[in-house]
Every structure is written in structure tokens, then in C-alpha cells.
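Listing of target-v2.cif, mmCIF, C-alpha atoms
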```cif
data_query
#
loop_
_atom_site.group_PDB
_atom_site.id
_atom_site.type_symbol
_atom_site.label_atom_id
_atom_site.label_comp_id
_atom_site.auth_asym_id
_atom_site.auth_seq_id
_atom_site.Cartn_x
_atom_site.Cartn_y
_atom_site.Cartn_z
ATOM 1 C CA MET A 1 -33.474 -25.950 -4.083
ATOM 2 C CA ASN A 2 -34.038 -22.273 -3.340
ATOM 3 C CA ASN A 3 -33.968 -23.035 0.387
ATOM 4 C CA ASP A 4 -30.575 -24.752 0.011
ATOM 5 C CA LYS A 5 -29.144 -21.745 -1.816
ATOM 6 C CA LEU A 6 -30.699 -19.379 0.713
ATOM 7 C CA TYR A 7 -29.269 -21.434 3.532
ATOM 8 C CA GLN A 8 -25.803 -21.498 1.909
ATOM 9 C CA ASN A 9 -25.930 -17.712 1.452
ATOM 10 C CA PHE A 10 -27.028 -17.354 5.061
ATOM 11 C CA LYS A 11 -24.171 -19.580 6.243
ATOM 12 C CA THR A 12 -21.625 -17.589 4.196
ATOM 13 C CA ARG A 13 -22.898 -14.291 5.519
ATOM 14 C CA TRP A 14 -23.037 -15.630 9.084
ATOM 15 C CA LYS A 15 -19.408 -16.786 8.846
ATOM 16 C CA GLU A 16 -18.412 -13.404 7.412
ATOM 17 C CA VAL A 17 -19.995 -11.529 10.272
ATOM 18 C CA THR A 18 -18.933 -13.803 13.134
ATOM 19 C CA GLU A 19 -15.338 -14.644 12.170
ATOM 20 C CA LEU A 20 -14.143 -11.080 12.789
ATOM 21 C CA PRO A 21 -14.005 -9.709 16.317
ATOM 22 C CA PRO A 22 -15.956 -6.441 16.668
ATOM 23 C CA GLN A 23 -13.928 -3.282 17.009
ATOM 24 C CA ASN A 24 -13.841 -1.894 20.517
ATOM 25 C CA LEU A 25 -11.863 1.259 21.245
ATOM 26 C CA GLY A 26 -13.425 1.909 24.633
ATOM 27 C CA PRO A 27 -14.646 5.521 24.897
ATOM 28 C CA LEU A 28 -13.425 6.242 21.338
ATOM 29 C CA THR A 29 -15.671 3.564 19.772
ATOM 30 C CA PRO A 30 -18.460 6.049 18.758
ATOM 31 C CA VAL A 31 -15.846 8.304 17.099
ATOM 32 C CA TYR A 32 -14.426 5.299 15.263
ATOM 33 C CA LYS A 33 -17.868 4.179 14.090
ATOM 34 C CA GLN A 34 -18.650 7.694 12.803
ATOM 35 C CA THR A 35 -15.315 8.056 10.977
ATOM 36 C CA VAL A 36 -15.054 4.634 9.357
ATOM 37 C CA PRO A 37 -18.016 4.904 6.895
ATOM 38 C CA TYR A 38 -16.196 7.770 5.135
ATOM 39 C CA LEU A 39 -13.164 5.522 4.650
ATOM 40 C CA LYS A 40 -15.048 2.397 3.591
ATOM 41 C CA ILE A 41 -16.443 3.799 0.335
ATOM 42 C CA ALA A 42 -14.361 5.993 -1.998
ATOM 43 C CA PRO A 43 -11.935 7.082 0.743
ATOM 44 C CA TRP A 44 -10.127 9.326 -1.757
ATOM 45 C CA ARG A 45 -12.992 11.811 -1.329
ATOM 46 C CA VAL A 46 -11.773 12.367 2.238
ATOM 47 C CA LEU A 47 -8.081 11.550 1.831
ATOM 48 C CA LEU A 48 -7.312 14.059 -0.931
ATOM 49 C CA PRO A 49 -8.734 17.169 0.831
ATOM 50 C CA VAL A 50 -7.276 16.090 4.196
ATOM 51 C CA ALA A 51 -3.867 15.550 2.597
ATOM 52 C CA PHE A 52 -4.030 18.948 0.884
ATOM 53 C CA VAL A 53 -5.000 20.758 4.098
ATOM 54 C CA MET A 54 -2.243 18.928 6.052
ATOM 55 C CA VAL A 55 0.410 19.734 3.461
ATOM 56 C CA ALA A 56 -0.659 23.386 3.193
ATOM 57 C CA ALA A 57 -0.668 23.727 7.013
ATOM 58 C CA ILE A 58 2.781 22.158 7.384
ATOM 59 C CA ALA A 59 4.157 24.267 4.522
ATOM 60 C CA LEU A 60 2.903 27.424 6.246
ATOM 61 C CA LEU A 61 3.997 26.478 9.766
ATOM 62 C CA LEU A 62 7.443 24.944 9.188
ATOM 63 C CA GLU A 63 10.485 26.684 7.781
ATOM 64 C CA ILE A 64 11.221 23.899 5.330
ATOM 65 C CA THR A 65 9.281 24.638 2.171
ATOM 66 C CA ALA A 66 7.115 22.423 0.000
ATOM 67 C CA VAL A 67 9.574 23.041 -2.827
ATOM 68 C CA GLN A 68 12.442 21.526 -0.840
ATOM 69 C CA ILE A 69 10.366 18.505 0.203
ATOM 70 C CA ALA A 70 9.136 17.947 -3.354
ATOM 71 C CA SER A 71 12.706 18.140 -4.718
ATOM 72 C CA LEU A 72 13.776 15.564 -2.126
ATOM 73 C CA LEU A 73 10.822 13.251 -2.795
ATOM 74 C CA GLN A 74 11.288 13.401 -6.556
ATOM 75 C CA ARG A 75 14.666 11.771 -6.123
ATOM 76 C CA GLY A 76 13.165 9.085 -3.853
ATOM 77 C CA PHE A 77 12.484 6.435 -6.452
ATOM 78 C CA MET B 1 -9.226 -17.486 -21.317
ATOM 79 C CA HIS B 2 -8.034 -18.165 -17.794
ATOM 80 C CA THR B 3 -5.388 -15.444 -18.218
ATOM 81 C CA ILE B 4 -7.996 -12.921 -19.323
ATOM 82 C CA ARG B 5 -10.217 -13.815 -16.376
ATOM 83 C CA LEU B 6 -7.242 -13.473 -14.050
ATOM 84 C CA LEU B 7 -6.356 -10.056 -15.482
ATOM 85 C CA LYS B 8 -9.954 -8.929 -15.190
ATOM 86 C CA ARG B 9 -10.050 -10.087 -11.580
ATOM 87 C CA VAL B 10 -6.819 -8.210 -10.769
ATOM 88 C CA ILE B 11 -8.099 -4.995 -12.394
ATOM 89 C CA TYR B 12 -11.421 -5.391 -10.606
ATOM 90 C CA ASN B 13 -9.645 -5.827 -7.261
ATOM 91 C CA ILE B 14 -7.354 -2.847 -7.850
ATOM 92 C CA TRP B 15 -10.333 -0.667 -8.738
ATOM 93 C CA GLY B 16 -12.194 -2.060 -5.728
ATOM 94 C CA SER B 17 -9.292 -1.231 -3.415
ATOM 95 C CA VAL B 18 -9.648 2.387 -4.580
ATOM 96 C CA GLN B 19 -13.436 2.697 -4.565
ATOM 97 C CA ASN B 20 -14.526 0.171 -1.958
ATOM 98 C CA PRO B 21 -11.475 -1.092 -0.063
ATOM 99 C CA TYR B 22 -13.355 -2.630 2.865
ATOM 100 C CA VAL B 23 -15.617 -4.929 0.817
ATOM 101 C CA THR B 24 -12.880 -5.664 -1.742
ATOM 102 C CA TYR B 25 -10.361 -6.739 0.874
ATOM 103 C CA ARG B 26 -12.907 -8.881 2.673
ATOM 104 C CA GLU B 27 -13.319 -10.846 -0.582
ATOM 105 C CA LEU B 28 -9.808 -10.796 -1.998
ATOM 106 C CA VAL B 29 -8.083 -12.348 1.027
ATOM 107 C CA THR B 30 -9.951 -15.574 0.173
ATOM 108 C CA GLN B 31 -9.229 -15.483 -3.576
ATOM 109 C CA ASP B 32 -6.736 -17.278 -5.796
ATOM 110 C CA PRO B 33 -3.140 -16.169 -4.992
ATOM 111 C CA LEU B 34 -2.256 -16.587 -8.690
ATOM 112 C CA GLN B 35 -3.258 -12.912 -8.992
ATOM 113 C CA LEU B 36 0.027 -12.065 -7.259
ATOM 114 C CA VAL B 37 1.861 -13.192 -10.399
ATOM 115 C CA VAL B 38 0.163 -10.366 -12.321
ATOM 116 C CA LEU B 39 1.031 -7.828 -9.616
ATOM 117 C CA PHE B 40 4.676 -8.857 -9.475
ATOM 118 C CA ALA B 41 4.846 -8.900 -13.259
ATOM 119 C CA ALA B 42 3.704 -5.250 -13.179
ATOM 120 C CA ILE B 43 6.353 -4.461 -10.540
ATOM 121 C CA SER B 44 9.024 -6.198 -12.630
ATOM 122 C CA GLY B 45 7.891 -4.243 -15.693
ATOM 123 C CA TYR B 46 8.284 -1.007 -13.726
ATOM 124 C CA PHE B 47 11.856 -1.865 -12.680
ATOM 125 C CA VAL B 48 12.771 -2.830 -16.247
ATOM 126 C CA LEU B 49 11.467 0.539 -17.499
ATOM 127 C CA VAL B 50 12.979 2.684 -14.774
ATOM 128 C CA SER B 51 16.424 1.081 -14.394
ATOM 129 C CA PRO B 52 18.100 3.017 -17.253
ATOM 130 C CA LEU B 53 16.827 6.216 -15.635
ATOM 131 C CA LYS B 54 17.839 5.199 -12.116
ATOM 132 C CA PHE B 55 21.310 3.867 -12.951
ATOM 133 C CA HIS B 56 22.112 6.181 -15.892
ATOM 134 C CA THR B 57 23.208 3.399 -18.185
ATOM 135 C CA PHE B 58 21.924 1.301 -21.083
ATOM 136 C CA HIS B 59 24.591 -1.350 -20.644
ATOM 137 C CA PRO B 60 22.655 -4.665 -20.715
ATOM 138 C CA PHE B 61 24.792 -6.431 -18.130
ATOM 139 C CA LEU B 62 24.612 -3.569 -15.618
ATOM 140 C CA LEU B 63 20.885 -3.145 -16.204
ATOM 141 C CA THR B 64 20.220 -6.857 -15.730
ATOM 142 C CA LEU B 65 22.288 -6.886 -12.546
ATOM 143 C CA ASN B 66 20.490 -3.884 -11.087
ATOM 144 C CA ILE B 67 17.013 -5.028 -12.100
ATOM 145 C CA ALA B 68 17.719 -8.405 -10.472
ATOM 146 C CA ARG B 69 18.993 -6.653 -7.350
ATOM 147 C CA LEU B 70 15.899 -4.470 -7.065
ATOM 148 C CA LEU B 71 13.486 -7.334 -7.725
ATOM 149 C CA THR B 72 15.247 -9.536 -5.197
ATOM 150 C CA ALA B 73 15.015 -6.766 -2.601
ATOM 151 C CA VAL B 74 11.292 -6.234 -3.295
ATOM 152 C CA ILE B 75 10.425 -9.932 -3.175
ATOM 153 C CA PHE B 76 12.542 -10.456 -0.060
ATOM 154 C CA THR B 77 10.882 -7.471 1.650
ATOM 155 C CA TYR B 78 7.421 -8.681 0.682
ATOM 156 C CA LEU B 79 8.014 -12.222 1.933
ATOM 157 C CA ALA B 80 9.720 -11.009 5.118
ATOM 158 C CA ILE B 81 6.774 -8.756 5.978
ATOM 159 C CA CYS B 82 4.258 -11.521 5.228
ATOM 160 C CA CYS B 83 6.211 -13.957 7.408
ATOM 161 C CA LEU B 84 6.408 -11.394 10.211
ATOM 162 C CA PHE B 85 2.637 -10.893 10.084
ATOM 163 C CA TYR B 86 2.124 -14.666 10.005
ATOM 164 C CA VAL B 87 4.327 -15.190 13.058
ATOM 165 C CA LEU B 88 2.637 -12.340 14.926
ATOM 166 C CA GLY B 89 -0.746 -13.806 13.984
ATOM 167 C CA LEU B 90 0.278 -17.190 15.390
ATOM 168 C CA MET B 91 1.535 -15.554 18.594
ATOM 169 C CA LEU B 92 -1.771 -13.709 18.979
ATOM 170 C CA LYS B 93 -3.594 -17.018 18.386
ATOM 171 C CA THR B 94 -5.825 -15.726 15.585
ATOM 172 C CA GLY B 95 -7.142 -17.839 12.702
ATOM 173 C CA VAL B 96 -4.317 -16.711 10.439
ATOM 174 C CA LYS B 97 -3.753 -18.104 6.934
ATOM 175 C CA LEU B 98 -0.568 -17.290 5.044
ATOM 176 C CA ARG B 99 -2.474 -17.129 1.755
ATOM 177 C CA SER B 100 -4.695 -14.322 3.071
ATOM 178 C CA ILE B 101 -1.677 -12.324 4.222
ATOM 179 C CA LEU B 102 0.074 -12.805 0.872
ATOM 180 C CA MET B 103 -3.014 -11.551 -0.967
ATOM 181 C CA GLY B 104 -3.706 -8.623 1.366
ATOM 182 C CA TRP B 105 -0.127 -7.394 1.471
ATOM 183 C CA GLY B 106 0.339 -8.036 -2.247
ATOM 184 C CA TYR B 107 -2.497 -5.685 -3.181
ATOM 185 C CA SER B 108 -1.181 -3.084 -0.734
ATOM 186 C CA LEU B 109 1.847 -2.784 -3.066
ATOM 187 C CA VAL B 110 -0.423 -1.089 -5.626
ATOM 188 C CA PRO B 111 -0.198 2.408 -4.033
ATOM 189 C CA THR B 112 3.551 1.892 -3.656
ATOM 190 C CA LEU B 113 3.935 0.993 -7.327
ATOM 191 C CA LEU B 114 1.719 3.915 -8.333
ATOM 192 C CA TRP B 115 3.840 6.351 -6.311
ATOM 193 C CA PHE B 116 7.108 5.028 -7.698
ATOM 194 C CA PHE B 117 5.772 5.093 -11.249
ATOM 195 C CA THR B 118 4.418 8.646 -10.935
ATOM 196 C CA THR B 119 7.618 9.880 -9.302
ATOM 197 C CA SER B 120 9.729 8.347 -12.081
ATOM 198 C CA PHE B 121 7.430 9.873 -14.705
ATOM 199 C CA PHE B 122 7.749 13.343 -13.194
ATOM 200 C CA TYR B 123 11.495 12.862 -12.806
ATOM 201 C CA VAL B 124 11.643 12.634 -16.605
ATOM 202 C CA ILE B 125 9.031 15.315 -17.401
ATOM 203 C CA LEU B 126 9.949 17.811 -14.650
ATOM 204 C CA PRO B 127 13.347 16.839 -13.233
ATOM 205 C CA PRO B 128 14.200 18.244 -9.791
ATOM 206 C CA PRO B 129 15.062 20.617 -8.212
ATOM 207 C CA ARG B 130 11.893 22.624 -7.991
ATOM 208 C CA HIS B 131 12.142 26.399 -7.721
ATOM 209 C CA GLU B 132 10.430 28.999 -5.580
ATOM 210 C CA THR B 133 8.211 30.237 -8.405
ATOM 211 C CA ILE B 134 4.416 30.122 -8.424
ATOM 212 C CA LEU B 135 4.395 27.094 -10.729
ATOM 213 C CA GLY B 136 7.143 25.403 -8.709
ATOM 214 C CA ARG B 137 5.236 25.852 -5.459
ATOM 215 C CA LEU B 138 1.956 24.742 -7.036
ATOM 216 C CA PHE B 139 3.507 21.598 -8.456
ATOM 217 C CA SER B 140 5.256 20.899 -5.145
ATOM 218 C CA LEU B 141 2.004 21.238 -3.182
ATOM 219 C CA LEU B 142 0.085 19.013 -5.604
ATOM 220 C CA TYR B 143 2.838 16.411 -5.761
ATOM 221 C CA ILE B 144 3.191 16.213 -1.981
ATOM 222 C CA THR B 145 -0.615 16.056 -1.613
ATOM 223 C CA PHE B 146 -0.660 13.159 -4.073
ATOM 224 C CA SER B 147 2.144 11.420 -2.156
ATOM 225 C CA VAL B 148 0.426 11.906 1.219
ATOM 226 C CA SER B 149 -2.900 10.630 -0.198
ATOM 227 C CA LEU B 150 -1.208 7.490 -1.488
ATOM 228 C CA PHE B 151 0.445 7.096 1.902
ATOM 229 C CA PHE B 152 -2.974 7.274 3.615
ATOM 230 C CA TRP B 153 -4.382 4.790 1.089
ATOM 231 C CA LYS B 154 -1.471 2.456 1.869
ATOM 232 C CA GLY B 155 -2.286 2.889 5.557
ATOM 233 C CA ILE B 156 -5.897 1.862 4.926
ATOM 234 C CA LEU B 157 -4.807 -1.226 2.979
ATOM 235 C CA TYR B 158 -2.300 -2.113 5.741
ATOM 236 C CA TYR B 159 -5.097 -1.886 8.320
ATOM 237 C CA LEU B 160 -7.457 -3.982 6.157
ATOM 238 C CA THR B 161 -4.741 -6.618 5.637
ATOM 239 C CA LEU B 162 -4.375 -7.009 9.389
ATOM 240 C CA ARG B 163 -8.132 -6.875 9.936
ATOM 241 C CA PHE B 164 -9.166 -9.466 7.352
ATOM 242 C CA ALA B 165 -6.080 -11.643 6.894
ATOM 243 C CA LEU B 166 -5.103 -11.870 10.567
ATOM 244 C CA LYS B 167 -8.624 -11.233 11.932
ATOM 245 C CA LEU B 168 -7.363 -8.740 14.496
ATOM 246 C CA ASP B 169 -9.271 -6.106 16.390
ATOM 247 C CA PHE B 170 -8.020 -2.527 16.789
ATOM 248 C CA LEU B 171 -6.018 -3.196 19.963
ATOM 249 C CA LYS B 172 -4.152 -6.142 18.435
ATOM 250 C CA ILE B 173 -3.573 -4.172 15.217
ATOM 251 C CA SER B 174 -1.970 -1.468 17.374
ATOM 252 C CA LEU B 175 0.219 -4.078 19.109
ATOM 253 C CA VAL B 176 1.327 -5.511 15.759
ATOM 254 C CA SER B 177 2.035 -1.985 14.490
ATOM 255 C CA ILE B 178 4.212 -1.213 17.530
ATOM 256 C CA ILE B 179 6.383 -4.202 16.562
ATOM 257 C CA PHE B 180 6.176 -3.763 12.795
ATOM 258 C CA PHE B 181 6.962 -0.060 12.276
ATOM 259 C CA PRO B 182 10.274 0.134 14.172
ATOM 260 C CA LEU B 183 11.463 -2.997 12.341
ATOM 261 C CA LEU B 184 10.369 -1.429 9.060
ATOM 262 C CA GLY B 185 12.266 1.746 9.944
ATOM 263 C CA ILE B 186 15.470 -0.182 10.657
ATOM 264 C CA TYR B 187 15.062 -2.211 7.464
ATOM 265 C CA SER B 188 14.421 0.935 5.393
ATOM 266 C CA TYR B 189 17.580 2.509 6.814
ATOM 267 C CA ILE B 190 19.578 -0.589 5.861
ATOM 268 C CA MET B 191 18.139 -0.421 2.323
ATOM 269 C CA TYR B 192 19.098 3.272 2.142
ATOM 270 C CA VAL B 193 22.651 2.656 3.379
ATOM 271 C CA LEU B 194 23.058 -0.193 0.884
ATOM 272 C CA SER B 195 21.811 2.164 -1.880
ATOM 273 C CA VAL B 196 19.017 -0.210 -2.832
ATOM 274 C CA PHE B 197 16.053 2.088 -2.138
ATOM 275 C CA ARG B 198 15.932 5.681 -0.929
ATOM 276 C CA VAL B 199 12.213 5.302 -0.266
ATOM 277 C CA PRO B 200 11.498 1.667 0.660
ATOM 278 C CA PHE B 201 9.368 -0.314 -1.752
ATOM 279 C CA VAL B 202 6.989 -1.769 0.858
#
```
Can you give me the file's structure in the form of C-alpha cells?
Amino acid sequence: MNNDKLYQNFKTRWKEVTELPPQNLGPLTPVYKQTVPYLKIAPWRVLLPVAFVMVAAIALLLEITAVQIASLLQRGF
Amino acid sequence: MHTIRLLKRVIYNIWGSVQNPYVTYRELVTQDPLQLVVLFAAISGYFVLVSPLKFHTFHPFLLTLNIARLLTAVIFTYLAICCLFYVLGLMLKTGVKLRSILMGWGYSLVPTLLWFFTTSFFYVILPPPRHETILGRLFSLLYITFSVSLFFWKGILYYLTLRFALKLDFLKISLVSIIFFPLLGIYSYIMYVLSVFRVPFV
């Protein structure tokens, strides 16, 4: 009985692993494999600071201000 | 009982798509598509709540007309995108199942709904325009950061939909994206010109 369940679990896991083609980005594959773990679990921990830094950088560099963009976006719904 | 289990499953999947999107999407593309009813019920509820604000009227006929128009546009957009992905999946000869695409893309509407809901909420609490004061700038920065984060989250869910529902690798995902995004841009422009959505509900 246990062997049947173990075998079924093995089959499910085997199918999970083999049905997807592995990711291959050529020379960028190591970079991809280092980046992806941060996005697989609680990606908001990375996304929120990155978004804040991006927005602050763009607000400083471009003439259009965050206030103008926010006013525009607030009417977007 | 079944309804409660369904609701619990939907909430669990939404939470999972925030905390653990990779594992959650791997599982949810094989789950019962009845969960989409709950998601679209939430979207319908949003449009019912926001229509008086959006169209500046409480007239029942006008509200019903506009809610129907918005819902039709959302459902049409959703089905059109799913069909596009299905056709592209068939052309790329992957093991594509329409049910998986419907589930994957359906749950990717959660960040969209969250953004629309938050934007509507702040439209009532802090109506635009914002001003060049310290508080105005702070709110603007935080609001745009929130919007960009949701946009990135949507991007992750888009990628996971193509990865698990269409079983594509990175190169094929890029090829699909090259076809998908220009079409989405044209469609969004048409929606804007027709005054259906300023920001597309995709």
C-alpha cells in the first residue's frame, strides 16, 4: 500500500519535473538562475524596493514630476 | 459546503500568488476552473461599486448600461487573450490546454483588480490633482511605487501563465510576447478611443 502511494507520488513529481522544458538563456542562464529564487518566494520583498528606487530615479532624472504622473494615473480607472 | 471550499481555495490561491507564485501557479493551472466564477464575481462587484463614481450618475438605467458595457469589455478581453495564447500554443506545438490558460490568466487579473480598486478608493479619499507639496510628492511617490510593484507582479503572473499553461521556455515566451504586446497596445488604444478604459483592464 505504502509502495503504491510512494510510486504515485514519484510519478506525479516525475511528470511535474519532465513536462516543462528547462530554461536556457545561453550565456545569461547563470544570471537567470541566480535572479529567479528571489522572485519565486515572496517576490514583493524585491519588487517593492526595486519599484521605489526606479520611481525615485525617474522622478529625479526626468522633467515630468511624480505629482503629474500620479494625478494622471489616479484618473486611470 | 462546496461554495465555502471553493472560496477557501480561491483565497488560498490569491495568497499563494503573492507569497509563492511559482508553486501556486504550477498547481492552480490544473485545478477546477469553477474558481473563475468567484474571480469574475469580484470583478463584477467592483464595477457595480465604482460605476456611480466613474459615470457621475445614480440613474439605474445608465448605471446598468455602463456596468454591462464594462463587464462585456472585460470578459471579451479576457477570452480574446486566452484564445490568442491558445492559438500561439498550438502553433508552437506545445501541450497546451485551454483550461490551464483560463486559470492562469484569470488569476493574473487579481493585481489588475487590486490596482483599479485602490485607485478608485484614493480617487474618493484624495481626489486628483496632486500638488507640489511635501505630502503631495510623498503620496505620489508611494502611489506610483505601489502601481509599479503591481505591474511587476502582473508581469510575473503573465510569465508563469505562459510557463505552466503553455509549457514554454524563455525563448518561446519572448516570441509570444513579441506578438502579444503590440496587439495589446493596439487593443488598449481602441479601448481608450472608445472611452471604455483609460488603463486597460487586462
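Residues of chain A having any atom within 6 Å of chain B, counting all atoms listed in the file, are Leu20, Pro21, Gln23, Lys40, Ile41, Ala42, Leu47, Leu48, Ala51, Phe52, Ala66, Val67, Ala70, Ser71, Gln74, Gly76 and Phe77 of chain A.
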_Suppose a student applies the PyMOL selection byres ((chain B and resi 61-69) around 9) to this structure; what residues should they get, written as a PyMOL selection string?_
chain B and resi 44+47-48+51-52+55+57-60+70-74+196
The PyMOL selection byres ((chain B and resi 14) around 12) on the file shown: which residues, as a CSV table (one decimal) with C-alpha atoms, in the coordinates of the input?
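This is the output file result27.csv:
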```csv
chain,number,residue,atom,x,y,z
B,7,LEU,CA,-6.4,-10.1,-15.5
B,8,LYS,CA,-10.0,-8.9,-15.2
B,9,ARG,CA,-10.0,-10.1,-11.6
B,10,VAL,CA,-6.8,-8.2,-10.8
B,11,ILE,CA,-8.1,-5.0,-12.4
B,12,TYR,CA,-11.4,-5.4,-10.6
B,13,ASN,CA,-9.6,-5.8,-7.3
B,15,TRP,CA,-10.3,-0.7,-8.7
B,16,GLY,CA,-12.2,-2.1,-5.7
B,17,SER,CA,-9.3,-1.2,-3.4
B,18,VAL,CA,-9.6,2.4,-4.6
B,19,GLN,CA,-13.4,2.7,-4.6
B,20,ASN,CA,-14.5,0.2,-2.0
B,21,PRO,CA,-11.5,-1.1,-0.1
B,24,THR,CA,-12.9,-5.7,-1.7
B,25,TYR,CA,-10.4,-6.7,0.9
B,28,LEU,CA,-9.8,-10.8,-2.0
B,35,GLN,CA,-3.3,-12.9,-9.0
B,36,LEU,CA,0.0,-12.1,-7.3
B,38,VAL,CA,0.2,-10.4,-12.3
B,39,LEU,CA,1.0,-7.8,-9.6
B,103,MET,CA,-3.0,-11.6,-1.0
B,104,GLY,CA,-3.7,-8.6,1.4
B,106,GLY,CA,0.3,-8.0,-2.2
B,107,TYR,CA,-2.5,-5.7,-3.2
B,108,SER,CA,-1.2,-3.1,-0.7
B,109,LEU,CA,1.8,-2.8,-3.1
B,110,VAL,CA,-0.4,-1.1,-5.6
B,111,PRO,CA,-0.2,2.4,-4.0
B,113,LEU,CA,3.9,1.0,-7.3
B,114,LEU,CA,1.7,3.9,-8.3
B,157,LEU,CA,-4.8,-1.2,3.0
```
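Computed from the coordinates, the atom CA of Thr161 of chain B to atom CA of Ser188 of chain B distance equals 20.6 Å.
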*Between atom CA of Pro37 of chain A and atom CA of Cys82 of chain B, what is the spacing in Å?*
27.7 Å
*What gap, in Å, lies between atom CA of Trp14 of chain A and atom CA of Leu162 of chain B?*
20.6 Å
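Selection check: the PyMOL selection byres ((chain B and resi 87) around 12) on the shown file gives Ala80, Ile81, Cys82, Cys83, Leu84, Phe85, Tyr86, Leu88, Gly89, Leu90, Met91, Leu92, Lys93, Thr94, Gly95, Val96, Lys97, Leu98, Ile101, Leu166, Val176, Ile179 and Phe180 of chain B.
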